[in-house]
Structures are given as C-alpha cells and as structure tokens.
file final29.tsv (TSV, N, CA and C atoms)
chain	number	residue	atom	x	y	z
A	1	MET	N	0.82	-1.19	0.00
A	1	MET	CA	0.00	0.00	0.00
A	1	MET	C	0.87	1.25	0.00
A	2	ALA	N	1.83	1.29	0.92
A	2	ALA	CA	2.68	2.48	1.03
A	2	ALA	C	3.46	2.71	-0.26
A	3	ASP	N	3.93	1.63	-0.86
A	3	ASP	CA	4.68	1.79	-2.10
A	3	ASP	C	3.76	2.26	-3.23
A	4	GLY	N	2.51	1.83	-3.20
A	4	GLY	CA	1.56	2.23	-4.23
A	4	GLY	C	1.21	3.70	-4.19
A	5	LEU	N	1.21	4.30	-3.01
A	5	LEU	CA	0.89	5.73	-2.88
A	5	LEU	C	2.17	6.55	-2.73
A	6	PHE	N	2.90	6.31	-1.65
A	6	PHE	CA	4.12	7.09	-1.39
A	6	PHE	C	5.19	6.79	-2.45
A	7	GLY	N	5.33	5.52	-2.83
A	7	GLY	CA	6.34	5.15	-3.82
A	7	GLY	C	6.06	5.76	-5.18
A	8	GLU	N	4.81	5.74	-5.57
A	8	GLU	CA	4.43	6.33	-6.86
A	8	GLU	C	4.74	7.82	-6.88
A	9	MET	N	4.40	8.50	-5.79
A	9	MET	CA	4.69	9.94	-5.72
A	9	MET	C	6.19	10.20	-5.63
A	10	ALA	N	6.92	9.33	-4.98
A	10	ALA	CA	8.38	9.47	-4.92
A	10	ALA	C	8.96	9.41	-6.33
A	11	ASP	N	8.44	8.49	-7.14
A	11	ASP	CA	8.93	8.35	-8.52
A	11	ASP	C	8.53	9.54	-9.39
A	12	LYS	N	7.32	10.04	-9.20
A	12	LYS	CA	6.81	11.09	-10.08
A	12	LYS	C	7.13	12.51	-9.61
A	13	VAL	N	7.16	12.72	-8.29
A	13	VAL	CA	7.32	14.07	-7.75
A	13	VAL	C	8.67	14.24	-7.07
A	14	GLY	N	9.13	13.19	-6.42
A	14	GLY	CA	10.37	13.29	-5.66
A	14	GLY	C	10.10	13.73	-4.24
A	15	TYR	N	10.79	14.79	-3.83
A	15	TYR	CA	10.69	15.30	-2.47
A	15	TYR	C	9.29	15.83	-2.18
A	16	PRO	N	8.72	15.62	-1.02
A	16	PRO	CA	9.24	14.93	0.16
A	16	PRO	C	8.93	13.43	0.18
A	17	PHE	N	8.22	12.97	-0.83
A	17	PHE	CA	7.80	11.57	-0.84
A	17	PHE	C	8.95	10.59	-0.93
A	18	ASN	N	10.04	11.01	-1.56
A	18	ASN	CA	11.19	10.12	-1.68
A	18	ASN	C	11.98	10.02	-0.37
A	19	GLN	N	11.53	10.71	0.65
A	19	GLN	CA	12.15	10.64	1.97
A	19	GLN	C	11.44	9.68	2.91
A	20	ILE	N	10.36	9.10	2.45
A	20	ILE	CA	9.53	8.23	3.29
A	20	ILE	C	9.64	6.79	2.79
A	21	PRO	N	10.32	5.94	3.54
A	21	PRO	CA	10.44	4.54	3.11
A	21	PRO	C	9.12	3.79	3.29
A	22	ALA	N	8.77	3.01	2.30
A	22	ALA	CA	7.55	2.20	2.41
A	22	ALA	C	7.60	1.28	3.62
A	23	SER	N	8.81	0.88	4.00
A	23	SER	CA	8.95	-0.01	5.15
A	23	SER	C	8.50	0.63	6.46
A	24	ALA	N	8.36	1.96	6.48
A	24	ALA	CA	7.88	2.63	7.68
A	24	ALA	C	6.45	2.24	8.00
A	25	PHE	N	5.75	1.68	7.03
A	25	PHE	CA	4.34	1.32	7.22
A	25	PHE	C	4.13	-0.19	7.37
A	26	THR	N	5.21	-0.94	7.51
A	26	THR	CA	5.10	-2.38	7.69
A	26	THR	C	4.23	-2.72	8.89
A	27	VAL	N	4.27	-1.89	9.89
A	27	VAL	CA	3.49	-2.11	11.11
A	27	VAL	C	1.98	-2.10	10.84
A	28	ALA	N	1.55	-1.55	9.71
A	28	ALA	CA	0.12	-1.49	9.40
A	28	ALA	C	-0.47	-2.86	9.05
A	29	ALA	N	0.38	-3.80	8.68
A	29	ALA	CA	-0.10	-5.12	8.27
A	29	ALA	C	-0.86	-5.81	9.40
A	30	GLY	N	-1.91	-6.50	9.03
A	30	GLY	CA	-2.69	-7.25	10.01
A	30	GLY	C	-3.45	-6.36	10.97
A	31	GLY	N	-3.80	-5.16	10.52
A	31	GLY	CA	-4.54	-4.25	11.39
A	31	GLY	C	-3.64	-3.67	12.46
A	32	TYR	N	-2.47	-3.25	12.07
A	32	TYR	CA	-1.45	-2.65	12.94
A	32	TYR	C	-0.89	-3.67	13.92
A	33	ALA	N	0.32	-4.10	13.60
A	33	ALA	CA	1.08	-5.06	14.41
A	33	ALA	C	0.32	-6.37	14.59
A	34	GLY	N	-0.54	-6.70	13.65
A	34	GLY	CA	-1.28	-7.95	13.71
A	34	GLY	C	-2.36	-7.98	14.78
A	35	LEU	N	-2.76	-6.80	15.27
A	35	LEU	CA	-3.76	-6.74	16.34
A	35	LEU	C	-5.18	-6.57	15.83
A	36	SER	N	-5.36	-6.57	14.52
A	36	SER	CA	-6.69	-6.49	13.89
A	36	SER	C	-7.47	-5.23	14.26
A	37	THR	N	-6.76	-4.12	14.44
A	37	THR	CA	-7.44	-2.86	14.71
A	37	THR	C	-7.82	-2.23	13.38
A	38	LEU	N	-7.55	-0.98	13.17
A	38	LEU	CA	-7.87	-0.31	11.91
A	38	LEU	C	-7.22	-1.05	10.74
A	39	CYS	N	-7.96	-1.22	9.64
A	39	CYS	CA	-7.38	-1.83	8.44
A	39	CYS	C	-6.12	-1.06	8.07
A	40	GLY	N	-5.02	-1.76	7.91
A	40	GLY	CA	-3.75	-1.13	7.61
A	40	GLY	C	-3.77	-0.31	6.34
A	41	ALA	N	-4.52	-0.76	5.34
A	41	ALA	CA	-4.60	0.00	4.09
A	41	ALA	C	-5.23	1.37	4.34
A	42	LEU	N	-6.20	1.43	5.23
A	42	LEU	CA	-6.84	2.71	5.54
A	42	LEU	C	-5.89	3.64	6.30
A	43	GLY	N	-5.12	3.09	7.21
A	43	GLY	CA	-4.18	3.90	7.97
A	43	GLY	C	-3.11	4.51	7.08
A	44	VAL	N	-2.59	3.73	6.17
A	44	VAL	CA	-1.58	4.23	5.23
A	44	VAL	C	-2.20	5.28	4.32
A	45	ALA	N	-3.41	5.02	3.85
A	45	ALA	CA	-4.10	5.98	2.99
A	45	ALA	C	-4.31	7.31	3.73
A	46	ALA	N	-4.70	7.24	4.99
A	46	ALA	CA	-4.93	8.46	5.78
A	46	ALA	C	-3.63	9.24	5.95
A	47	ALA	N	-2.53	8.55	6.17
A	47	ALA	CA	-1.23	9.22	6.29
A	47	ALA	C	-0.87	9.92	4.98
A	48	PHE	N	-1.15	9.26	3.87
A	48	PHE	CA	-0.85	9.85	2.57
A	48	PHE	C	-1.72	11.09	2.33
A	49	VAL	N	-3.00	10.98	2.61
A	49	VAL	CA	-3.91	12.13	2.44
A	49	VAL	C	-3.41	13.29	3.30
A	50	GLY	N	-2.94	12.98	4.50
A	50	GLY	CA	-2.43	14.02	5.38
A	50	GLY	C	-1.24	14.76	4.84
A	51	MET	N	-0.51	14.13	3.94
A	51	MET	CA	0.66	14.79	3.36
A	51	MET	C	0.31	15.74	2.23
A	52	VAL	N	-0.85	15.58	1.65
A	52	VAL	CA	-1.16	16.37	0.46
A	52	VAL	C	-2.35	17.31	0.60
A	53	CYS	N	-3.00	17.30	1.75
A	53	CYS	CA	-4.21	18.12	1.93
A	53	CYS	C	-4.14	18.92	3.22
A	54	ASP	N	-4.87	20.04	3.22
A	54	ASP	CA	-5.01	20.79	4.47
A	54	ASP	C	-5.91	20.02	5.42
A	55	THR	N	-5.97	20.46	6.65
A	55	THR	CA	-6.67	19.72	7.70
A	55	THR	C	-8.13	19.45	7.39
A	56	ASP	N	-8.87	20.45	6.94
A	56	ASP	CA	-10.28	20.24	6.66
A	56	ASP	C	-10.49	19.26	5.52
A	57	LYS	N	-9.69	19.38	4.48
A	57	LYS	CA	-9.81	18.48	3.33
A	57	LYS	C	-9.42	17.05	3.74
A	58	GLN	N	-8.40	16.92	4.60
A	58	GLN	CA	-8.00	15.60	5.10
A	58	GLN	C	-9.18	14.90	5.76
A	59	LYS	N	-9.83	15.62	6.66
A	59	LYS	CA	-10.94	15.03	7.40
A	59	LYS	C	-12.06	14.60	6.46
A	60	GLU	N	-12.35	15.42	5.47
A	60	GLU	CA	-13.41	15.12	4.51
A	60	GLU	C	-13.08	13.87	3.70
A	61	ILE	N	-11.87	13.83	3.17
A	61	ILE	CA	-11.47	12.70	2.33
A	61	ILE	C	-11.40	11.41	3.13
A	62	VAL	N	-10.80	11.45	4.30
A	62	VAL	CA	-10.69	10.25	5.12
A	62	VAL	C	-12.07	9.77	5.54
A	63	LYS	N	-12.95	10.67	5.89
A	63	LYS	CA	-14.32	10.29	6.25
A	63	LYS	C	-15.01	9.60	5.07
A	64	ASP	N	-14.85	10.16	3.88
A	64	ASP	CA	-15.45	9.55	2.69
A	64	ASP	C	-14.84	8.19	2.40
A	65	LEU	N	-13.54	8.06	2.60
A	65	LEU	CA	-12.85	6.78	2.37
A	65	LEU	C	-13.37	5.73	3.34
A	66	TRP	N	-13.50	6.09	4.62
A	66	TRP	CA	-14.02	5.15	5.62
A	66	TRP	C	-15.44	4.72	5.27
A	67	LYS	N	-16.30	5.66	4.93
A	67	LYS	CA	-17.69	5.32	4.58
A	67	LYS	C	-17.73	4.36	3.41
A	68	TRP	N	-16.93	4.62	2.39
A	68	TRP	CA	-16.87	3.73	1.23
A	68	TRP	C	-16.41	2.35	1.64
A	69	TYR	N	-15.33	2.29	2.43
A	69	TYR	CA	-14.75	1.01	2.84
A	69	TYR	C	-15.77	0.17	3.61
A	70	GLU	N	-16.49	0.80	4.50
A	70	GLU	CA	-17.43	0.06	5.33
A	70	GLU	C	-18.54	-0.60	4.53
A	71	LYS	N	-18.87	-0.08	3.36
A	71	LYS	CA	-19.98	-0.61	2.55
A	71	LYS	C	-19.53	-1.34	1.28
A	72	ALA	N	-18.24	-1.29	0.99
A	72	ALA	CA	-17.73	-1.92	-0.23
A	72	ALA	C	-17.76	-3.45	-0.12
A	73	GLU	N	-17.97	-4.09	-1.25
A	73	GLU	CA	-17.90	-5.55	-1.32
A	73	GLU	C	-16.48	-5.92	-1.71
A	74	PHE	N	-15.75	-6.48	-0.74
A	74	PHE	CA	-14.35	-6.86	-0.97
A	74	PHE	C	-14.21	-8.36	-1.03
A	75	PRO	N	-13.29	-8.87	-1.84
A	75	PRO	CA	-12.46	-8.15	-2.78
A	75	PRO	C	-13.09	-8.12	-4.17
A	76	ALA	N	-13.35	-6.95	-4.66
A	76	ALA	CA	-13.84	-6.81	-6.03
A	76	ALA	C	-12.69	-7.06	-7.00
A	77	TYR	N	-11.50	-6.59	-6.63
A	77	TYR	CA	-10.31	-6.79	-7.46
A	77	TYR	C	-9.75	-8.18	-7.15
A	78	GLN	N	-9.84	-9.06	-8.15
A	78	GLN	CA	-9.38	-10.43	-7.99
A	78	GLN	C	-8.64	-10.87	-9.26
A	79	PRO	N	-7.38	-10.50	-9.38
A	79	PRO	CA	-6.65	-10.87	-10.60
A	79	PRO	C	-6.45	-12.38	-10.70
A	80	GLY	N	-6.26	-12.83	-11.90
A	80	GLY	CA	-6.03	-14.25	-12.12
A	80	GLY	C	-7.27	-15.07	-11.83
A	81	ASN	N	-7.07	-16.18	-11.19
A	81	ASN	CA	-8.16	-17.11	-10.89
A	81	ASN	C	-8.51	-17.12	-9.42
A	82	MET	N	-8.56	-15.98	-8.78
A	82	MET	CA	-8.79	-15.93	-7.34
A	82	MET	C	-10.17	-16.48	-6.97
A	83	ASN	N	-11.22	-15.98	-7.57
A	83	ASN	CA	-12.58	-16.46	-7.33
A	83	ASN	C	-12.93	-16.55	-5.84
A	84	LEU	N	-12.68	-15.46	-5.11
A	84	LEU	CA	-12.97	-15.41	-3.68
A	84	LEU	C	-14.37	-14.85	-3.44
A	85	LYS	N	-14.98	-15.27	-2.35
A	85	LYS	CA	-16.26	-14.71	-1.96
A	85	LYS	C	-16.06	-13.26	-1.54
A	86	THR	N	-17.04	-12.42	-1.84
A	86	THR	CA	-16.98	-11.03	-1.41
A	86	THR	C	-17.84	-10.85	-0.16
A	87	THR	N	-17.39	-9.93	0.69
A	87	THR	CA	-18.11	-9.63	1.92
A	87	THR	C	-18.09	-8.13	2.17
A	88	VAL	N	-18.99	-7.67	2.99
A	88	VAL	CA	-19.06	-6.28	3.40
A	88	VAL	C	-18.73	-6.23	4.88
A	89	ALA	N	-17.77	-5.39	5.25
A	89	ALA	CA	-17.29	-5.35	6.63
A	89	ALA	C	-18.22	-4.60	7.58
A	90	ASN	N	-18.88	-3.56	7.08
A	90	ASN	CA	-19.67	-2.67	7.92
A	90	ASN	C	-18.83	-2.08	9.05
A	91	SER	N	-17.55	-1.95	8.79
A	91	SER	CA	-16.61	-1.47	9.79
A	91	SER	C	-15.29	-1.12	9.09
A	92	ALA	N	-14.48	-0.28	9.73
A	92	ALA	CA	-13.15	0.03	9.21
A	92	ALA	C	-12.08	-0.81	9.91
A	93	LEU	N	-12.52	-1.71	10.77
A	93	LEU	CA	-11.57	-2.53	11.52
A	93	LEU	C	-11.17	-3.77	10.74
A	94	CYS	N	-9.90	-4.10	10.81
A	94	CYS	CA	-9.37	-5.30	10.19
A	94	CYS	C	-10.11	-6.54	10.72
A	95	TYR	N	-10.31	-6.58	12.02
A	95	TYR	CA	-10.97	-7.73	12.64
A	95	TYR	C	-12.32	-8.02	12.00
A	96	ASP	N	-13.10	-6.99	11.78
A	96	ASP	CA	-14.42	-7.17	11.18
A	96	ASP	C	-14.32	-7.49	9.70
A	97	SER	N	-13.47	-6.74	9.01
A	97	SER	CA	-13.34	-6.91	7.56
A	97	SER	C	-12.81	-8.29	7.20
A	98	VAL	N	-11.70	-8.66	7.80
A	98	VAL	CA	-11.11	-9.97	7.52
A	98	VAL	C	-11.96	-11.09	8.11
A	99	GLY	N	-12.51	-10.84	9.29
A	99	GLY	CA	-13.33	-11.85	9.94
A	99	GLY	C	-14.55	-12.24	9.13
A	100	GLN	N	-15.22	-11.25	8.56
A	100	GLN	CA	-16.39	-11.53	7.70
A	100	GLN	C	-15.97	-12.42	6.54
A	101	PHE	N	-14.83	-12.06	5.92
A	101	PHE	CA	-14.35	-12.84	4.79
A	101	PHE	C	-13.97	-14.26	5.21
A	102	MET	N	-13.21	-14.40	6.29
A	102	MET	CA	-12.76	-15.72	6.71
A	102	MET	C	-13.94	-16.63	7.04
A	103	GLN	N	-14.96	-16.07	7.64
A	103	GLN	CA	-16.15	-16.85	7.97
A	103	GLN	C	-16.87	-17.28	6.68
A	104	ALA	N	-17.05	-16.35	5.74
A	104	ALA	CA	-17.75	-16.67	4.49
A	104	ALA	C	-16.97	-17.67	3.64
A	105	GLU	N	-15.65	-17.52	3.65
A	105	GLU	CA	-14.79	-18.38	2.82
A	105	GLU	C	-14.43	-19.68	3.54
A	106	GLY	N	-14.60	-19.70	4.87
A	106	GLY	CA	-14.26	-20.89	5.65
A	106	GLY	C	-12.76	-21.12	5.73
A	107	VAL	N	-12.00	-20.04	5.95
A	107	VAL	CA	-10.54	-20.15	6.00
A	107	VAL	C	-10.01	-19.61	7.32
A	108	ALA	N	-8.81	-20.05	7.67
A	108	ALA	CA	-8.11	-19.55	8.85
A	108	ALA	C	-7.27	-18.34	8.47
A	109	TYR	N	-6.78	-17.64	9.47
A	109	TYR	CA	-6.01	-16.41	9.25
A	109	TYR	C	-4.78	-16.64	8.37
A	110	ALA	N	-4.10	-17.76	8.56
A	110	ALA	CA	-2.87	-18.04	7.81
A	110	ALA	C	-3.11	-18.55	6.39
A	111	ASP	N	-4.36	-18.75	6.02
A	111	ASP	CA	-4.68	-19.27	4.69
A	111	ASP	C	-4.26	-18.29	3.60
A	112	PRO	N	-3.63	-18.78	2.54
A	112	PRO	CA	-3.21	-17.89	1.45
A	112	PRO	C	-4.36	-17.09	0.82
A	113	ARG	N	-5.56	-17.63	0.86
A	113	ARG	CA	-6.70	-16.88	0.30
A	113	ARG	C	-6.98	-15.61	1.09
A	114	ARG	N	-6.73	-15.63	2.40
A	114	ARG	CA	-6.90	-14.43	3.20
A	114	ARG	C	-5.89	-13.37	2.77
A	115	LYS	N	-4.67	-13.79	2.51
A	115	LYS	CA	-3.64	-12.85	2.06
A	115	LYS	C	-3.97	-12.30	0.67
A	116	GLU	N	-4.49	-13.15	-0.22
A	116	GLU	CA	-4.90	-12.69	-1.55
A	116	GLU	C	-6.02	-11.66	-1.42
A	117	ARG	N	-6.94	-11.92	-0.54
A	117	ARG	CA	-8.05	-11.01	-0.32
A	117	ARG	C	-7.55	-9.66	0.17
A	118	CYS	N	-6.64	-9.67	1.12
A	118	CYS	CA	-6.11	-8.41	1.66
A	118	CYS	C	-5.29	-7.66	0.61
A	119	ALA	N	-4.61	-8.37	-0.24
A	119	ALA	CA	-3.88	-7.71	-1.33
A	119	ALA	C	-4.86	-7.01	-2.27
A	120	GLY	N	-5.96	-7.67	-2.59
A	120	GLY	CA	-6.98	-7.04	-3.43
A	120	GLY	C	-7.60	-5.83	-2.77
A	121	VAL	N	-7.90	-5.94	-1.48
A	121	VAL	CA	-8.47	-4.82	-0.74
A	121	VAL	C	-7.49	-3.64	-0.73
A	122	THR	N	-6.23	-3.93	-0.52
A	122	THR	CA	-5.21	-2.88	-0.51
A	122	THR	C	-5.17	-2.15	-1.83
A	123	ALA	N	-5.22	-2.87	-2.92
A	123	ALA	CA	-5.24	-2.24	-4.25
A	123	ALA	C	-6.47	-1.36	-4.41
A	124	GLU	N	-7.61	-1.85	-3.94
A	124	GLU	CA	-8.85	-1.08	-4.06
A	124	GLU	C	-8.81	0.19	-3.20
A	125	VAL	N	-8.23	0.11	-2.02
A	125	VAL	CA	-8.12	1.28	-1.15
A	125	VAL	C	-7.18	2.31	-1.79
A	126	ALA	N	-6.08	1.86	-2.36
A	126	ALA	CA	-5.16	2.79	-3.04
A	126	ALA	C	-5.86	3.49	-4.20
A	127	LYS	N	-6.59	2.73	-4.97
A	127	LYS	CA	-7.32	3.30	-6.11
A	127	LYS	C	-8.37	4.31	-5.64
A	128	LYS	N	-9.15	3.95	-4.63
A	128	LYS	CA	-10.19	4.85	-4.13
A	128	LYS	C	-9.57	6.12	-3.54
A	129	THR	N	-8.45	5.98	-2.86
A	129	THR	CA	-7.75	7.14	-2.30
A	129	THR	C	-7.34	8.09	-3.41
A	130	ALA	N	-6.78	7.55	-4.47
A	130	ALA	CA	-6.39	8.39	-5.61
A	130	ALA	C	-7.60	9.05	-6.23
A	131	GLU	N	-8.70	8.32	-6.38
A	131	GLU	CA	-9.92	8.91	-6.94
A	131	GLU	C	-10.44	10.06	-6.08
A	132	LEU	N	-10.47	9.85	-4.78
A	132	LEU	CA	-10.96	10.90	-3.87
A	132	LEU	C	-10.04	12.12	-3.91
A	133	LEU	N	-8.74	11.88	-3.93
A	133	LEU	CA	-7.80	13.01	-3.99
A	133	LEU	C	-7.92	13.76	-5.32
A	134	ASN	N	-8.01	13.02	-6.40
A	134	ASN	CA	-8.14	13.68	-7.71
A	134	ASN	C	-9.42	14.51	-7.79
A	135	ALA	N	-10.50	14.01	-7.22
A	135	ALA	CA	-11.76	14.75	-7.24
A	135	ALA	C	-11.67	16.01	-6.36
A	136	ALA	N	-10.98	15.90	-5.24
A	136	ALA	CA	-10.89	17.01	-4.29
A	136	ALA	C	-9.88	18.07	-4.70
A	137	LEU	N	-8.82	17.64	-5.35
A	137	LEU	CA	-7.73	18.56	-5.67
A	137	LEU	C	-7.72	18.94	-7.14

call {"tool": "encode", "arguments": {"input": "final29.tsv", "output": "structure tokens"}}
result
Amino acid sequence: MADGLFGEMADKVGYPFNQIPASAFTVAAGGYAGLSTLCGALGVAAAFVGMVCDTDKQKEIVKDLWKWYEKAEFPAYQPGNMNLKTTVANSALCYDSVGQFMQAEGVAYADPRRKERCAGVTAEVAKKTAELLNAAL
C-alpha cells in the first residue's frame, strides 16, 4: 500500500515523498502489528492524504474513504483465478473486515486466500484514495 501511494509519488514528484520509506508502514499489516485494529490499508491511505491536503480536506477525504470502505464488497479486485467470496465489513476494523471474509470463505487467518483477499483490498483502497484526492484537488 505504502509503495503504491508514497512510492508512486516518490517516482513522479520526488521530495518529500522520496524521503519516506515504504517499510515505515510495515506495522500497518494485520490491522497494525497484527492486532486487527484499523485496516492497515486505511491507515496508510490516511497518512498519505495528510501529506497532500489541508486539515479540513483531510478530514473530509478520510471520512469519505471510511464510509466507502465500510460498505464496499471486498475483494472486487481479484486478478487471475482468485474467485474469492466477497463480503461487506460494515466497519473500518481489520478484525471485522477480515473476519467476515474468513467466515464466508471458511478459512483460517494463515490461509493464502486471506492474504490474496487483503492484497486485493489494498489495491482497491489505493485506487479509491487516488480517486478521492483527484476529485478534491
């Protein structure tokens, strides 16, 4: 996620984005340190929005992103032959989002399908973040 937003801007714009290593956001995985709190993709997206918008615009965009995330059917993005069930989290928490999926798919946390699902969700959050920023700016 961080490489998709911060890395892309580092390549296209340079400073200050080229000063932020994507590895700084590794802790976001698994809902921050694997504790299933806020979806890591949302946290990284919020940090990115914070770098490019004033305070009022940040709040507006992040609020819109959260509302979208809570009602989105994930994973809509399923490259290759993923064929995963889609679920709606009704929450911005990793625990709820991943939990709904794991229950519907009948998989454990370590199952590769869970990781594929989270990769798809991450791509969708990056895309939606870019769409919201482009519309606002």

call {"tool": "closest_residue", "arguments": {"input": "final29.tsv", "among": "A:Met82, A:Ala46, A:Tyr77, A:Gln19", "to": "A:Gln58", "atoms": "only N, CA and C atoms"}}
result
A:Ala46

call {"tool": "select_by_dssp", "arguments": {"input": "final29.tsv", "residues": "chain A", "states": "strand (DSSP E)", "output": "PyMOL selection string"}}
result
chain A and resi 73-74+87-88

call {"tool": "axis_aligned_box", "arguments": {"input": "final29.tsv", "around": "stretch 117-122 of chain A", "padding_each_side": "6 Å", "output": "lines of an AutoDock Vina configuration file"}}
result
center_x = -6.2
center_y = -7.0
center_z = -0.9
size_x = 16.6
size_y = 21.8
size_z = 17.1

call {"tool": "atom_distance", "arguments": {"input": "final29.tsv", "atom1": "atom N of A:Lys128", "atom2": "atom N of A:Ala110"}}
result
25.9 Å

call {"tool": "atom_distance", "arguments": {"input": "final29.tsv", "atom1": "atom CA of A:Gly43", "atom2": "atom CA of A:Asp11"}}
result
21.5 Å

call {"tool": "atom_distance", "arguments": {"input": "final29.tsv", "atom1": "atom N of A:Glu105", "atom2": "atom C of A:Leu35"}}
result
19.4 Å

call {"tool": "residues_around", "arguments": {"input": "final29.tsv", "residues": "A:Glu116", "least_positions_apart": "3", "cutoff": "8 Å", "atoms": "all atoms listed in the file", "output": "CSV table (one decimal) with N, CA and C atoms, in the frame of the given file"}}
result
chain,number,residue,atom,x,y,z
A,75,PRO,N,-13.3,-8.9,-1.8
A,75,PRO,CA,-12.5,-8.2,-2.8
A,75,PRO,C,-13.1,-8.1,-4.2
A,77,TYR,N,-11.5,-6.6,-6.6
A,77,TYR,CA,-10.3,-6.8,-7.5
A,77,TYR,C,-9.8,-8.2,-7.2
A,78,GLN,N,-9.8,-9.1,-8.2
A,78,GLN,CA,-9.4,-10.4,-8.0
A,78,GLN,C,-8.6,-10.9,-9.3
A,82,MET,N,-8.6,-16.0,-8.8
A,82,MET,CA,-8.8,-15.9,-7.3
A,82,MET,C,-10.2,-16.5,-7.0
A,111,ASP,N,-4.4,-18.8,6.0
A,111,ASP,CA,-4.7,-19.3,4.7
A,111,ASP,C,-4.3,-18.3,3.6
A,112,PRO,N,-3.6,-18.8,2.5
A,112,PRO,CA,-3.2,-17.9,1.4
A,112,PRO,C,-4.4,-17.1,0.8
A,113,ARG,N,-5.6,-17.6,0.9
A,113,ARG,CA,-6.7,-16.9,0.3
A,113,ARG,C,-7.0,-15.6,1.1
A,119,ALA,N,-4.6,-8.4,-0.2
A,119,ALA,CA,-3.9,-7.7,-1.3
A,119,ALA,C,-4.9,-7.0,-2.3
A,120,GLY,N,-6.0,-7.7,-2.6
A,120,GLY,CA,-7.0,-7.0,-3.4
A,120,GLY,C,-7.6,-5.8,-2.8
A,121,VAL,N,-7.9,-5.9,-1.5
A,121,VAL,CA,-8.5,-4.8,-0.7
A,121,VAL,C,-7.5,-3.6,-0.7
A,122,THR,N,-6.2,-3.9,-0.5
A,122,THR,CA,-5.2,-2.9,-0.5
A,122,THR,C,-5.2,-2.2,-1.8

call {"tool": "residues_around", "arguments": {"input": "final29.tsv", "residues": "A:Asp3", "least_positions_apart": "6", "cutoff": "9 Å", "atoms": "only C-alpha atoms", "output": "list in words"}}
result
Met9, Ala10, Pro21, Ala22 and Ser23 of chain A

call {"tool": "residues_near_point", "arguments": {"input": "final29.tsv", "point": "(-18.0, -5.1, 0.7)", "cutoff": "5 Å", "atoms": "all atoms listed in the file", "output": "list in words"}}
result
Lys71, Ala72, Glu73, Phe74, Thr87, Val88 and Ala89 of chain A

call {"tool": "build_atoms", "arguments": {"input": "final29.tsv", "residues": "stretch 23-34 of chain A", "atoms": "N, CA, C and O atoms", "output": "PDB file, in the coordinates of the input"}}
result
ATOM      1  N   SER A  23       8.810   0.880   4.000  1.00  0.00           N
ATOM      2  CA  SER A  23       8.950  -0.010   5.150  1.00  0.00           C
ATOM      3  C   SER A  23       8.500   0.630   6.460  1.00  0.00           C
ATOM      4  O   SER A  23       8.238  -0.063   7.446  1.00  0.00           O
ATOM      5  N   ALA A  24       8.360   1.960   6.480  1.00  0.00           N
ATOM      6  CA  ALA A  24       7.880   2.630   7.680  1.00  0.00           C
ATOM      7  C   ALA A  24       6.450   2.240   8.000  1.00  0.00           C
ATOM      8  O   ALA A  24       5.985   2.416   9.131  1.00  0.00           O
ATOM      9  N   PHE A  25       5.750   1.680   7.030  1.00  0.00           N
ATOM     10  CA  PHE A  25       4.340   1.320   7.220  1.00  0.00           C
ATOM     11  C   PHE A  25       4.130  -0.190   7.370  1.00  0.00           C
ATOM     12  O   PHE A  25       2.992  -0.651   7.372  1.00  0.00           O
ATOM     13  N   THR A  26       5.210  -0.940   7.510  1.00  0.00           N
ATOM     14  CA  THR A  26       5.100  -2.380   7.690  1.00  0.00           C
ATOM     15  C   THR A  26       4.230  -2.720   8.890  1.00  0.00           C
ATOM     16  O   THR A  26       3.487  -3.694   8.878  1.00  0.00           O
ATOM     17  N   VAL A  27       4.270  -1.890   9.890  1.00  0.00           N
ATOM     18  CA  VAL A  27       3.490  -2.110  11.110  1.00  0.00           C
ATOM     19  C   VAL A  27       1.980  -2.100  10.840  1.00  0.00           C
ATOM     20  O   VAL A  27       1.199  -2.621  11.639  1.00  0.00           O
ATOM     21  N   ALA A  28       1.550  -1.550   9.710  1.00  0.00           N
ATOM     22  CA  ALA A  28       0.120  -1.490   9.400  1.00  0.00           C
ATOM     23  C   ALA A  28      -0.470  -2.860   9.050  1.00  0.00           C
ATOM     24  O   ALA A  28      -1.680  -3.055   9.150  1.00  0.00           O
ATOM     25  N   ALA A  29       0.380  -3.800   8.680  1.00  0.00           N
ATOM     26  CA  ALA A  29      -0.100  -5.120   8.270  1.00  0.00           C
ATOM     27  C   ALA A  29      -0.860  -5.810   9.400  1.00  0.00           C
ATOM     28  O   ALA A  29      -0.495  -5.700  10.567  1.00  0.00           O
ATOM     29  N   GLY A  30      -1.910  -6.500   9.030  1.00  0.00           N
ATOM     30  CA  GLY A  30      -2.690  -7.250  10.010  1.00  0.00           C
ATOM     31  C   GLY A  30      -3.450  -6.360  10.970  1.00  0.00           C
ATOM     32  O   GLY A  30      -3.722  -6.752  12.103  1.00  0.00           O
ATOM     33  N   GLY A  31      -3.800  -5.160  10.520  1.00  0.00           N
ATOM     34  CA  GLY A  31      -4.540  -4.250  11.390  1.00  0.00           C
ATOM     35  C   GLY A  31      -3.640  -3.670  12.460  1.00  0.00           C
ATOM     36  O   GLY A  31      -3.993  -3.636  13.626  1.00  0.00           O
ATOM     37  N   TYR A  32      -2.470  -3.250  12.070  1.00  0.00           N
ATOM     38  CA  TYR A  32      -1.450  -2.650  12.940  1.00  0.00           C
ATOM     39  C   TYR A  32      -0.890  -3.670  13.920  1.00  0.00           C
ATOM     40  O   TYR A  32      -1.555  -4.060  14.881  1.00  0.00           O
ATOM     41  N   ALA A  33       0.320  -4.100  13.600  1.00  0.00           N
ATOM     42  CA  ALA A  33       1.080  -5.060  14.410  1.00  0.00           C
ATOM     43  C   ALA A  33       0.320  -6.370  14.590  1.00  0.00           C
ATOM     44  O   ALA A  33       0.511  -7.066  15.579  1.00  0.00           O
ATOM     45  N   GLY A  34      -0.540  -6.700  13.650  1.00  0.00           N
ATOM     46  CA  GLY A  34      -1.280  -7.950  13.710  1.00  0.00           C
ATOM     47  C   GLY A  34      -2.360  -7.980  14.780  1.00  0.00           C
ATOM     48  O   GLY A  34      -2.864  -9.033  15.123  1.00  0.00           O
TER      49      GLY A  34
END
